[in-house]
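Containing mmCIF, C-alpha atoms and all ligand atoms: run.cif.
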data_start
#
loop_
_atom_site.label_atom_id
_atom_site.label_comp_id
_atom_site.auth_asym_id
_atom_site.auth_seq_id
_atom_site.Cartn_x
_atom_site.Cartn_y
_atom_site.Cartn_z
CA MET A 595 62.47 162.46 154.60
CA MET A 596 64.69 160.31 155.49
CA GLU A 597 64.27 164.07 155.79
CA LEU A 598 66.93 166.51 154.65
CA GLU A 599 69.17 167.33 157.56
CA VAL A 600 68.48 171.02 157.93
CA SER A 601 69.61 173.53 160.53
CA SER A 602 67.38 176.47 161.31
CA ASP A 603 70.26 178.43 162.84
CA THR A 604 71.05 181.14 160.29
CA SER A 605 72.95 183.39 162.73
CA ALA A 606 76.27 182.84 160.91
CA TYR A 607 74.77 184.36 157.76
CA GLU A 608 72.88 187.28 159.28
CA VAL A 609 73.61 190.99 159.36
CA ALA A 610 71.31 193.26 161.38
CA ALA A 611 70.60 196.12 159.00
CA VAL A 612 71.66 199.59 160.14
CA LEU A 613 70.87 202.49 157.83
CA ASP A 614 72.88 205.66 157.31
CA GLU A 615 71.42 209.16 157.25
CA ALA A 616 70.52 208.73 153.56
CA GLY A 617 68.54 205.58 154.32
CA ARG A 618 71.09 203.24 152.76
CA LEU A 619 72.72 200.26 154.37
CA ALA A 620 75.56 201.59 156.54
CA ASP A 621 79.12 200.99 155.37
CA HIS A 622 80.02 198.50 158.09
CA CYS A 623 76.92 196.46 157.23
CA VAL A 624 77.81 196.56 153.53
CA ARG A 625 81.28 195.19 154.31
CA GLN A 626 79.85 192.39 156.43
CA ALA A 627 77.23 191.55 153.82
CA VAL A 628 79.78 191.42 150.98
CA ALA A 629 82.09 189.22 153.06
CA MET A 630 79.22 186.79 153.67
CA MET A 631 78.20 186.82 150.02
CA ASP A 632 81.77 185.99 149.06
CA THR A 633 82.32 183.33 151.71
CA HIS A 634 78.91 181.70 151.93
CA GLY A 635 77.11 182.90 148.78
CA VAL A 636 74.22 184.22 150.87
CA VAL A 637 73.48 186.90 153.45
CA VAL A 638 70.34 187.44 155.51
CA LEU A 639 69.75 191.12 156.23
CA THR A 640 67.37 191.35 159.13
CA GLY A 641 65.20 194.42 159.56
CA LEU A 642 66.19 195.91 156.21
CA LEU A 643 62.65 197.05 155.36
CA SER A 644 60.41 198.95 157.72
CA GLU A 645 57.00 197.64 158.67
CA ALA A 646 55.42 200.08 156.20
CA GLU A 647 57.81 199.17 153.36
CA ALA A 648 57.26 195.45 153.84
CA GLY A 649 53.55 196.16 154.12
CA ALA A 650 53.63 197.89 150.73
CA GLY A 651 55.20 194.72 149.32
CA LEU A 652 52.52 192.60 150.96
CA ASP A 653 49.87 194.80 149.32
CA LEU A 654 51.50 194.09 145.96
CA VAL A 655 51.32 190.36 146.60
CA HIS A 656 47.65 190.48 147.62
CA GLN A 657 46.71 192.68 144.67
CA THR A 658 48.59 190.47 142.25
CA VAL A 659 47.15 187.18 143.46
CA ALA A 660 43.65 188.67 143.26
CA ASP A 661 44.14 189.72 139.65
CA PRO A 662 42.69 187.13 137.24
CA ASP A 663 44.95 188.49 134.49
CA ARG A 664 48.19 188.11 136.47
CA ALA A 665 51.25 186.85 134.62
CA HIS A 666 52.27 183.50 136.03
CA CYS A 667 55.97 182.70 136.00
CA SER A 668 56.99 180.18 133.39
CA PHE A 669 60.34 178.95 134.68
CA ALA A 670 59.53 176.85 137.73
CA SER A 671 56.79 174.95 139.48
CA GLU A 672 54.27 175.36 136.66
CA THR A 673 52.31 172.32 137.80
CA ASP A 674 52.09 173.66 141.34
CA ASN A 675 50.94 176.95 139.85
CA SER A 676 48.26 175.27 137.77
CA TYR A 677 46.85 173.42 140.81
CA LYS A 678 47.05 176.50 143.05
CA ARG A 679 49.71 174.94 145.25
CA ARG A 680 51.88 177.91 144.40
CA ASP A 681 51.22 181.30 142.86
CA PHE A 682 54.40 182.53 141.25
CA CYS A 683 53.72 185.72 139.28
CA SER A 684 55.92 188.24 137.60
CA LEU A 685 55.13 191.82 138.51
CA PRO A 686 54.50 194.61 136.00
CA SER A 687 56.58 197.75 135.82
CA SER A 688 53.87 199.79 137.53
CA PRO A 689 54.85 202.75 139.76
CA PRO A 690 54.22 200.87 143.04
CA VAL A 691 56.28 197.90 141.85
CA LYS A 692 59.10 200.12 140.63
CA ARG A 693 59.01 202.00 143.92
CA PHE A 694 59.34 198.76 145.88
CA ALA A 695 62.16 197.52 143.65
CA ALA A 696 63.91 200.89 143.80
CA THR A 697 63.65 201.02 147.59
CA LEU A 698 65.38 197.66 147.79
CA CYS A 699 68.09 198.60 145.30
CA GLN A 700 68.81 201.98 146.83
CA ARG A 701 69.02 200.57 150.32
CA LEU A 702 71.32 197.81 149.11
CA GLU A 703 73.31 199.94 146.67
CA GLY A 704 76.61 199.31 148.45
CA VAL A 705 76.20 195.55 148.17
CA LEU A 706 74.61 195.35 144.73
CA THR A 707 77.15 197.61 143.05
CA GLU A 708 79.90 195.36 144.37
CA TYR A 709 78.58 192.74 141.93
CA CYS A 710 76.36 194.42 139.34
CA GLY A 711 77.32 197.35 137.15
CA PRO A 712 74.73 200.12 136.81
CA SER A 713 73.85 199.15 133.24
CA ARG A 714 72.92 195.58 134.16
CA PRO A 715 69.29 194.60 133.66
CA LEU A 716 66.60 193.80 136.17
CA LEU A 717 65.77 190.26 135.08
CA GLU A 718 62.60 189.80 137.04
CA ILE A 719 60.56 191.00 139.95
CA ALA A 720 58.01 188.48 141.10
CA THR A 721 55.76 187.33 143.92
CA PHE A 722 56.38 183.84 145.23
CA THR A 723 53.38 182.59 147.18
CA SER A 724 53.11 178.95 148.18
CA TYR A 725 50.30 177.00 149.78
CA GLN A 726 49.87 173.75 151.62
CA GLY A 727 50.33 170.77 149.31
CA SER A 728 53.07 172.31 147.17
CA SER A 729 56.10 170.24 146.16
CA HIS A 730 59.49 170.69 147.75
CA GLN A 731 61.76 171.97 144.98
CA TYR A 732 64.83 169.96 144.18
CA VAL A 733 68.14 171.43 145.32
CA HIS A 734 69.35 173.37 142.31
CA ARG A 735 71.38 176.29 141.03
CA ASP A 736 69.67 179.18 139.24
CA PRO A 737 71.34 180.47 136.05
CA SER A 738 74.73 181.82 137.02
CA GLY A 739 75.88 185.43 136.91
CA VAL A 740 72.93 186.88 138.80
CA ILE A 741 72.31 188.38 142.22
CA SER A 742 68.89 187.47 143.59
CA MET A 743 66.91 188.80 146.51
CA PHE A 744 64.00 187.50 148.53
CA ALA A 745 62.12 190.09 150.56
CA ALA A 746 59.93 188.75 153.37
CA VAL A 747 56.82 190.92 153.18
CA ASP A 748 55.30 188.89 156.01
CA ASP A 749 56.76 186.58 158.64
CA VAL A 750 57.82 183.27 157.11
CA SER A 751 58.18 180.22 159.35
CA ASP A 752 60.18 177.15 158.44
CA GLN A 753 56.88 175.23 158.19
CA GLN A 754 55.71 177.73 155.59
CA GLY A 755 58.74 176.95 153.48
CA GLY A 756 61.51 179.44 154.14
CA THR A 757 64.14 178.85 151.43
CA VAL A 758 66.90 176.34 152.17
CA PHE A 759 70.48 177.16 151.17
CA VAL A 760 73.73 175.21 151.15
CA PRO A 761 76.22 177.91 152.15
CA GLY A 762 79.60 177.82 150.44
CA THR A 763 78.45 175.92 147.35
CA HIS A 764 78.43 178.94 145.03
CA LEU A 765 80.63 178.88 141.96
CA PHE A 766 83.65 181.12 141.49
CA GLY A 767 86.99 181.09 139.74
CA GLY A 768 88.98 178.11 140.94
CA VAL A 769 86.18 176.62 143.04
CA GLY A 770 87.12 173.24 141.60
CA ASN A 771 90.45 173.44 143.41
CA THR A 772 88.75 173.47 146.79
CA HIS A 773 87.92 170.37 148.83
CA GLY A 774 91.16 168.80 147.67
CA GLY A 775 90.32 169.44 144.02
CA LYS A 776 87.05 167.49 144.34
CA ALA A 777 84.60 170.30 145.06
CA ASN A 778 82.56 169.97 141.88
CA GLU A 779 82.22 166.21 142.18
CA LEU A 780 81.35 166.36 145.88
CA MET A 781 78.78 169.13 145.45
CA GLU A 782 77.08 167.25 142.64
CA LEU A 783 77.07 164.05 144.67
CA PHE A 784 75.58 165.91 147.61
CA ARG A 785 72.90 167.43 145.37
CA LYS A 786 71.90 163.95 144.20
CA ARG A 787 71.74 162.75 147.80
CA CYS A 788 69.42 165.66 148.69
CA ASN A 789 67.28 165.25 145.61
CA LEU A 790 66.73 161.53 146.11
CA ARG A 791 65.33 162.38 149.54
CA ILE A 792 63.22 165.20 148.15
CA PHE A 793 61.88 162.91 145.42
CA ARG A 794 60.86 160.33 148.00
CA HIS A 795 59.38 163.01 150.28
CA ASN A 796 57.28 164.56 147.49
CA LEU A 797 56.06 161.19 146.28
CA ALA A 798 55.08 160.01 149.77
CA LYS A 799 53.35 163.29 150.45
CA LEU A 800 51.35 163.17 147.22
CA TRP A 801 50.34 159.57 147.96
CA ALA A 802 49.11 160.63 151.41
CA MET A 803 47.24 163.61 149.95
CA ARG A 804 44.97 161.21 148.03
CA LYS A 805 43.09 160.60 151.27
CA ASP A 806 43.82 163.82 153.13
CA PRO A 807 40.71 165.99 153.59
CA VAL A 808 42.88 169.03 154.39
CA THR A 809 44.78 169.06 151.10
CA PRO A 810 42.64 167.01 148.72
CA LEU A 811 44.04 166.38 145.29
CA ALA A 812 42.28 167.96 142.35
CA PRO A 813 41.05 165.69 139.54
CA GLY A 814 44.07 164.75 137.44
CA GLU A 815 46.57 166.31 139.83
CA PHE A 816 48.25 163.08 140.92
CA ARG A 817 48.70 162.02 137.29
CA ASP A 818 50.01 165.44 136.26
CA ARG A 819 52.53 165.57 139.08
CA VAL A 820 53.76 161.97 138.80
CA PHE A 821 53.27 160.79 135.21
CA SER A 822 52.96 163.90 133.07
CA THR A 823 55.09 164.43 129.96
CA LYS A 824 55.01 168.17 130.67
CA TRP A 825 58.24 169.93 131.58
CA ASP A 826 58.42 170.74 135.27
CA GLN A 827 61.68 170.12 137.03
CA HIS A 828 60.32 170.23 140.57
CA GLN A 829 57.69 167.50 140.66
CA PRO A 830 58.19 163.88 141.75
CA ASN A 831 57.56 162.87 138.16
CA LEU A 832 58.36 159.16 137.82
CA LEU A 833 57.97 159.13 134.06
CA ARG A 834 60.44 161.92 133.43
CA PHE A 835 62.76 160.47 136.08
CA LEU A 836 62.86 157.15 134.25
CA LEU A 837 63.19 158.74 130.81
CA GLY A 838 66.04 161.02 131.88
CA LYS A 839 63.94 164.11 131.16
CA ASN A 840 64.55 165.91 134.43
CA ALA A 841 67.79 167.84 134.69
CA GLN A 842 67.53 167.92 138.48
CA LEU A 843 67.29 164.17 139.05
CA SER A 844 66.92 161.19 136.77
CA LEU A 845 67.73 157.50 136.72
CA ALA A 846 70.53 158.14 134.23
CA MET A 847 72.38 160.12 136.91
CA LEU A 848 72.39 157.17 139.30
CA GLY A 849 74.81 154.64 137.87
CA PRO A 850 76.29 151.89 140.06
CA LEU A 851 79.44 153.88 140.85
CA THR A 852 77.41 156.94 141.89
CA LEU A 853 75.15 154.83 144.10
CA TRP A 854 78.19 153.24 145.71
CA LYS A 855 79.73 156.66 146.40
CA LEU A 856 76.45 157.92 147.82
CA TRP A 857 76.31 154.95 150.16
CA ARG A 858 79.95 155.26 151.21
CA GLN A 859 80.18 159.05 151.50
CA GLY A 860 76.63 160.09 152.42
CA LYS A 861 77.25 161.04 156.05
CA ALA A 862 80.53 162.75 155.20
CA LEU A 863 78.73 164.81 152.54
CA ASP A 864 76.15 165.94 155.09
CA ARG A 865 78.95 167.14 157.36
CA LEU A 866 80.75 168.87 154.49
CA PHE A 867 77.69 170.74 153.19
CA PRO A 868 75.36 171.71 156.03
CA ILE A 869 71.96 172.95 154.87
CA VAL A 870 70.27 175.91 156.54
CA GLN A 871 66.63 176.82 156.33
CA THR A 872 65.70 180.46 156.55
CA ALA A 873 62.61 181.67 158.41
CA PRO A 874 62.75 185.40 157.72
CA ARG A 875 60.73 187.87 159.74
CA LYS A 876 58.76 190.55 157.96
CA GLY A 877 61.21 193.13 156.58
CA THR A 878 64.15 190.73 156.26
CA VAL A 879 65.82 190.52 152.86
CA ILE A 880 67.94 187.58 151.73
CA LEU A 881 70.57 188.10 149.03
CA TYR A 882 72.24 185.17 147.32
CA ARG A 883 74.47 184.38 144.41
CA SER A 884 72.22 182.65 141.91
CA ASP A 885 74.54 179.68 141.49
CA LEU A 886 74.41 178.80 145.18
CA LEU A 887 72.69 175.46 145.84
CA HIS A 888 69.20 176.16 147.22
CA ALA A 889 65.57 175.05 147.09
CA GLY A 890 62.12 176.38 147.86
CA PRO A 891 60.57 173.89 150.28
CA ASP A 892 56.96 172.83 150.34
CA ASN A 893 54.55 174.72 152.55
CA ARG A 894 53.60 172.40 155.40
CA SER A 895 51.35 174.87 157.17
CA SER A 896 47.90 176.22 156.46
CA GLN A 897 49.28 179.76 156.21
CA PRO A 898 50.36 180.92 152.74
CA ARG A 899 54.00 181.88 152.40
CA ARG A 900 54.48 185.22 150.68
CA ILE A 901 57.74 186.70 149.49
CA ILE A 902 58.82 189.02 146.70
CA GLY A 903 61.84 188.03 144.66
CA MET A 904 64.02 190.18 142.44
CA SER A 905 67.06 189.35 140.30
CA ILE A 906 69.69 191.54 138.67
CA ALA A 907 72.27 190.35 136.16
CA ARG A 908 75.96 190.67 136.95
CA ASP A 909 77.00 190.59 133.31
CA MET A 910 75.49 190.49 129.84
CA ILE A 911 73.01 187.65 129.54
CA GLU A 912 71.82 185.75 126.50
CA HIS A 913 68.09 186.14 125.87
CA LYS A 914 67.06 182.47 125.99
CA TYR A 915 69.24 181.78 129.03
CA TRP A 916 67.56 184.73 130.76
CA HIS A 917 64.07 183.45 130.00
CA ASP A 918 64.96 179.86 130.97
CA GLY A 919 65.59 180.98 134.53
CA TYR A 920 63.53 184.11 135.03
CA SER A 921 60.14 185.41 134.00
CA PRO A 922 60.20 189.12 133.22
CA HIS A 923 56.69 190.57 133.05
CA PRO A 924 55.73 191.61 129.49
CA THR A 925 55.94 195.26 130.57
CA LEU A 926 59.51 194.72 131.79
CA ALA A 927 60.46 192.81 128.64
CA ALA A 928 59.04 195.64 126.51
CA GLU A 929 60.84 198.35 128.48
CA PRO A 930 63.85 196.88 130.27
CA LEU A 931 65.03 198.46 133.49
CA THR A 932 68.64 198.62 134.62
CA LEU A 933 70.10 198.82 138.08
CA ARG A 934 70.86 202.50 137.36
CA ASP A 935 67.19 203.15 136.53
CA LEU A 936 66.20 201.74 139.89
CA LEU A 937 68.92 203.60 141.77
CA ASP A 938 67.66 206.85 140.20
CA TYR A 939 63.95 206.16 140.66
CA PRO A 940 62.26 208.52 143.15
CA VAL A 941 61.03 206.58 146.15
CA GLY A 942 60.02 209.47 148.38
CA ALA A 943 56.47 210.63 148.82
CA GLU A 944 53.74 208.65 147.18
CA PRO A 945 52.65 210.28 143.95
CA ALA A 946 49.10 211.58 144.11
CA GLY A 947 46.47 209.07 143.07
CA ARG A 948 48.55 205.96 143.67
CA ALA A 949 47.40 203.44 141.14
CA ALA A 950 46.36 199.97 142.17
CA ALA A 951 49.40 197.79 141.72
CA ALA A 952 49.62 194.99 139.26
FE FE B 1 65.97 178.78 142.41
#
Kindly transcribe the structure held in the file into structure tokens.
Amino acid sequence: MMELEVSSDTSAYEVAAVLDEAGRLADHCVRQAVAMMDTHGVVVLTGLLSEAEAGAGLDLVHQTVADPDRAHCSFASETDNSYKRRDFCSLPSSPPVKRFAATLCQRLEGVLTEYCGPSRPLLEIATFTSYQGSSHQYVHRDPSGVISMFAAVDDVSDQQGGTVFVPGTHLFGGVGNTHGGKANELMELFRKRCNLRIFRHNLAKLWAMRKDPVTPLAPGEFRDRVFSTKWDQHQPNLLRFLLGKNAQLSLAMLGPLTLWKLWRQGKALDRLFPIVQTAPRKGTVILYRSDLLHAGPDNRSSQPRRIIGMSIARDMIEHKYWHDGYSPHPTLAAEPLTLRDLLDYPVGAEPAGRAAAA
């Protein structure tokens, strides 16, 4: 893109998971993970899930995507979902799904309870599959006050679209005092710089797809992704960009002074806020503070990218705000689950007659 300058070296944010005799993350790993969450806003826990546990998650993804009645997520990338560029689905509160979620929570109890009280709700558990031809999300913050997890249930390469993060850009008390009291302004300027590049990248890619036999556009897809009036914050939608209808990037955000600052400070911003792209191996789990700058890249390979995401609130959360950023499955909305519920859920032997998930 005038590509985003992205490093694929995530070693500074990784903790190799060691489990204690109870199968939970060992104390020294918990301390490292919390320190990284506080300093960088993200931690990559390698080898947290066994091959079998990650495989159970992969089964959930396959079963969900094959289900014609699956519940598509409503908060992001709807257009990609509708053209089968992505398949973002919320998962029901079935026993296999609860077992997977509980396994994650129990293993990560030491880290999660540092941030989330036991009565805090599970906001969503979802499968995030993306295919070739998807759009690169804009760099954004999710609704604040949430701890989110991505579990790699299969190997994810950078070409498949491992999530990109901007470590250290999470929000906390007094963050505005950092960077000489200019942190908020600089982070927002940097986000615009990234998103201008992503806009151009997505637009150029869509234009090329018109004649690409590998990722042919569906009838109406170009129009829907570039000129639609429909709400979707992660498309290169020129109409909504011009009308100021995209909260991630619009013409109204790019006044002369902003453009001048972007031109003057662009390189310095890149040095100040290095971007890393994750490429998690099967069984790796990424935790991040929801208000950390991040984006789900496009899938540039022919192999689908499959991850399971889960989010838990750190505090009370207003209903509409919750549903603006997360898509709880109707079964979860009808019977909410708390962190305590998941910490208490039996994850041992498979109950007899394991039901098909989702
Ligand atoms: Fe996000």
A:Thr932: which residues within 9 Å, counting all atoms listed in the file, same-chain residues fewer than 4 positions away excluded, as a PDB file with C-alpha atoms, keeping the file's coordinate frame?
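part_21.pdb was written with the following content:
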ATOM      1  CA  PRO A 712      74.730 200.120 136.810  1.00  0.00           C
ATOM      2  CA  SER A 713      73.850 199.150 133.240  1.00  0.00           C
ATOM      3  CA  ARG A 714      72.920 195.580 134.160  1.00  0.00           C
ATOM      4  CA  PRO A 715      69.290 194.600 133.660  1.00  0.00           C
ATOM      5  CA  LEU A 716      66.600 193.800 136.170  1.00  0.00           C
ATOM      6  CA  LEU A 717      65.770 190.260 135.080  1.00  0.00           C
ATOM      7  CA  ILE A 906      69.690 191.540 138.670  1.00  0.00           C
ATOM      8  CA  LEU A 936      66.200 201.740 139.890  1.00  0.00           C
ATOM      9  CA  LEU A 937      68.920 203.600 141.770  1.00  0.00           C
TER      10      LEU A 937
END
Item to complete: Show me which residues sit within 12 Å of ligand FE 1 (chain B) when counting only C-alpha atoms and all ligand atoms, and put them as a PyMOL selection string.
Response: chain A and resi 669-671+722+730-738+740-744+757-759+827-828+842+882-891+903-905+918-920
Worksheet entry | Atomic distance atom CA of A:His917 - atom CA of A:Asp826, expressed in Å with one decimal | 14.9 Å
Worksheet entry | Test item: residues at most 12 Å from A:Gly768, all atoms listed in the file, excluding those fewer than 6 positions along its chain, as a VMD selection string | chain A and resid 774 to 778
Mind writing the picked residues with C-alpha atoms as a PDB file, in the coordinates of the input?
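Result file follows (out11.pdb):
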ATOM      1  CA  GLY A 774      91.160 168.800 147.670  1.00  0.00           C
ATOM      2  CA  GLY A 775      90.320 169.440 144.020  1.00  0.00           C
ATOM      3  CA  LYS A 776      87.050 167.490 144.340  1.00  0.00           C
ATOM      4  CA  ALA A 777      84.600 170.300 145.060  1.00  0.00           C
ATOM      5  CA  ASN A 778      82.560 169.970 141.880  1.00  0.00           C
TER       6      ASN A 778
END
Fill in: Nearest candidate to A:Gly651 (options A:Asp864, A:Glu912, A:Glu782, A:Asp748; using all atoms listed in the file)
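Smallest separation from A:Gly651 among the options: A:Asp748.
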Item to complete: Compare A:Leu848, A:Ile902, A:Met631, A:Cys623 by their minimum atom-to-atom distance to A:Phe766, counting all atoms listed in the file, and give me the closest one.
Response: A:Met631
What are the centre and edge lengths in Å, to one decimal, of the axis-aligned box around all listed atoms of stretch 620-638 of chain A with 6 Å added on each side, as JSON?
{"center_x": 76.3, "center_y": 191.6, "center_z": 153.4, "size_x": 24.0, "size_y": 31.9, "size_z": 21.3}
